[in-house]
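Report on the following structure.
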Amino acid sequence: MPKYSTEWVDYRLPTGQEFAVAVCGYSGKIRHMYIGKDPVRRMFIHHVEVEEGFCHAGDHCLAMDCPLNRAEQEHLLHMLDMNEDEGLDPEVASQWGTESTLDGFLQFARKMSALLPEELKKPQEPLKE
């Protein structure tokens with residue numbers, strides 16, 4: 001079963017808060033993100049396995065534009081350490097055009113995917129076994 005790498009990229013928000021994104025080697029899109037630099041999450045999210053058009057990480061993936069994504073709202077909320085979708089404050093909601101925290105995160109993931117270095121946006125070759 002072909003495995004594709006997951007590359008981690010660290011960023012800092014204008015407020016100084018650090019966050020990390022995991023870029024899928026198959027799609028070239030952000031598949032996971034979190035605030036801080038949690039080494040445990042990095043250990044668990046280190047590759048994706050794709051077999052005959054089925055991604056084994058497709059149930060828990062922020063890359064909603066990927067044709068192999070099957071993530072449902074419940075799984076997306078779990079990935080973002082939320083039990084239920086929460087409303088954004090009015091100022092942020094007007095900036096993002098949504099009152100949903102989950103929708104805001106998904107928009108943020110798409111925008112961050114667009115800002116990735118070009119070499120990470122391109123699908124990678126499968127890892128050698």
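Chains: A, B, ... in order of the structure tokens. Residues: from 1 per chain. Ligands: from 1, in order shown.
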
Subject >> Non-local contacts of Phe19 in chain A (6 Å; only C-alpha atoms; under 3 positions in same chain excluded) as a VMD selection string >> reply: chain A and resid 10 to 11 34 to 36

Original post:
Hey, what's within 10 Å of range 78-93 of chain A if we count only C-alpha atoms and toss same-chain stuff fewer than 4 positions away? As a ChimeraX atom specification, please?
Top reply: /A:32-35,60-62,73-74,97-105

**OP:** Please return as a ChimeraX atom specification: the residues of range 13-91 of chain A that backbone DSSP assigns to strand (DSSP E).
**Re:** /A:18-24,30-35,47-51,54-55

Go ahead and save the picked residues with N, CA and C atoms, as a JSON list (two decimals), in the first residue's frame.
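What ended up in part.json:
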```json
[["chain", "number", "residue", "atom", "x", "y", "z"],
["A", 18, "GLU", "N", 2.07, 30.35, 18.30],
["A", 18, "GLU", "CA", 2.60, 29.41, 17.31],
["A", 18, "GLU", "C", 1.56, 28.37, 16.95],
["A", 19, "PHE", "N", 1.57, 27.94, 15.69],
["A", 19, "PHE", "CA", 0.73, 26.83, 15.27],
["A", 19, "PHE", "C", 1.47, 26.04, 14.21],
["A", 20, "ALA", "N", 1.03, 24.81, 14.02],
["A", 20, "ALA", "CA", 1.67, 23.92, 13.07],
["A", 20, "ALA", "C", 0.62, 23.35, 12.12],
["A", 21, "VAL", "N", 1.06, 23.10, 10.88],
["A", 21, "VAL", "CA", 0.19, 22.48, 9.89],
["A", 21, "VAL", "C", 0.89, 21.24, 9.34],
["A", 22, "ALA", "N", 0.09, 20.21, 9.04],
["A", 22, "ALA", "CA", 0.60, 19.00, 8.41],
["A", 22, "ALA", "C", 0.14, 19.01, 6.96],
["A", 23, "VAL", "N", 1.10, 18.90, 6.04],
["A", 23, "VAL", "CA", 0.80, 18.94, 4.62],
["A", 23, "VAL", "C", 0.85, 17.52, 4.07],
["A", 24, "CYS", "N", -0.23, 17.11, 3.42],
["A", 24, "CYS", "CA", -0.35, 15.78, 2.85],
["A", 24, "CYS", "C", 0.52, 15.66, 1.60],
["A", 30, "ILE", "N", -3.17, 21.08, 3.24],
["A", 30, "ILE", "CA", -3.11, 20.94, 4.69],
["A", 30, "ILE", "C", -4.15, 19.93, 5.13],
["A", 31, "ARG", "N", -3.70, 18.91, 5.86],
["A", 31, "ARG", "CA", -4.61, 17.87, 6.32],
["A", 31, "ARG", "C", -4.88, 17.96, 7.82],
["A", 32, "HIS", "N", -4.04, 18.67, 8.56],
["A", 32, "HIS", "CA", -4.23, 18.79, 10.01],
["A", 32, "HIS", "C", -3.54, 20.07, 10.46],
["A", 33, "MET", "N", -4.04, 20.68, 11.52],
["A", 33, "MET", "CA", -3.38, 21.84, 12.12],
["A", 33, "MET", "C", -3.69, 21.89, 13.60],
["A", 34, "TYR", "N", -2.80, 22.50, 14.34],
["A", 34, "TYR", "CA", -3.03, 22.68, 15.77],
["A", 34, "TYR", "C", -2.19, 23.83, 16.30],
["A", 35, "ILE", "N", -2.62, 24.38, 17.41],
["A", 35, "ILE", "CA", -1.90, 25.46, 18.07],
["A", 35, "ILE", "C", -0.76, 24.84, 18.88],
["A", 47, "HIS", "N", 2.33, 10.17, 7.98],
["A", 47, "HIS", "CA", 2.14, 9.78, 6.58],
["A", 47, "HIS", "C", 0.67, 9.45, 6.33],
["A", 48, "VAL", "N", 0.33, 9.34, 5.06],
["A", 48, "VAL", "CA", -1.00, 8.88, 4.66],
["A", 48, "VAL", "C", -0.82, 7.67, 3.75],
["A", 49, "GLU", "N", -1.75, 6.76, 3.84],
["A", 49, "GLU", "CA", -1.73, 5.57, 3.00],
["A", 49, "GLU", "C", -2.90, 5.66, 2.02],
["A", 50, "VAL", "N", -2.59, 5.52, 0.74],
["A", 50, "VAL", "CA", -3.61, 5.61, -0.31],
["A", 50, "VAL", "C", -3.56, 4.31, -1.10],
["A", 51, "GLU", "N", -4.73, 3.71, -1.22],
["A", 51, "GLU", "CA", -4.81, 2.42, -1.91],
["A", 51, "GLU", "C", -6.04, 2.41, -2.81],
["A", 54, "PHE", "N", -8.52, 5.11, -2.26],
["A", 54, "PHE", "CA", -9.04, 5.21, -0.90],
["A", 54, "PHE", "C", -7.91, 5.68, 0.01],
["A", 55, "CYS", "N", -8.12, 6.80, 0.69],
["A", 55, "CYS", "CA", -7.13, 7.32, 1.63],
["A", 55, "CYS", "C", -7.52, 6.89, 3.04]]
```

Subject >> helix (DSSP H, G or I) per DSSP on the backbone: members of chain A, as a VMD selection string >> reply: chain A and resid 39 to 44 73 to 79 90 to 96 101 to 115 118 to 121

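With only C-alpha atoms as the basis for measurement, A:Ser113 is the residue among A:Thr6, A:Gln124, A:Ser113, A:Gln95 that approaches Ala63 in chain A most closely.
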
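Atom pair CA of Arg41 in chain A / CA of Trp8 in chain A: separated by 10.6 Å.
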
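CA of Pro14 in chain A is positioned 19.2 Å from CA of Ser94 in chain A.
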
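Proximity of A:Met64, A:Met1, A:Ile45, A:Ala71 to Arg110 in chain A, computed with only C-alpha atoms, is greatest for A:Met64.
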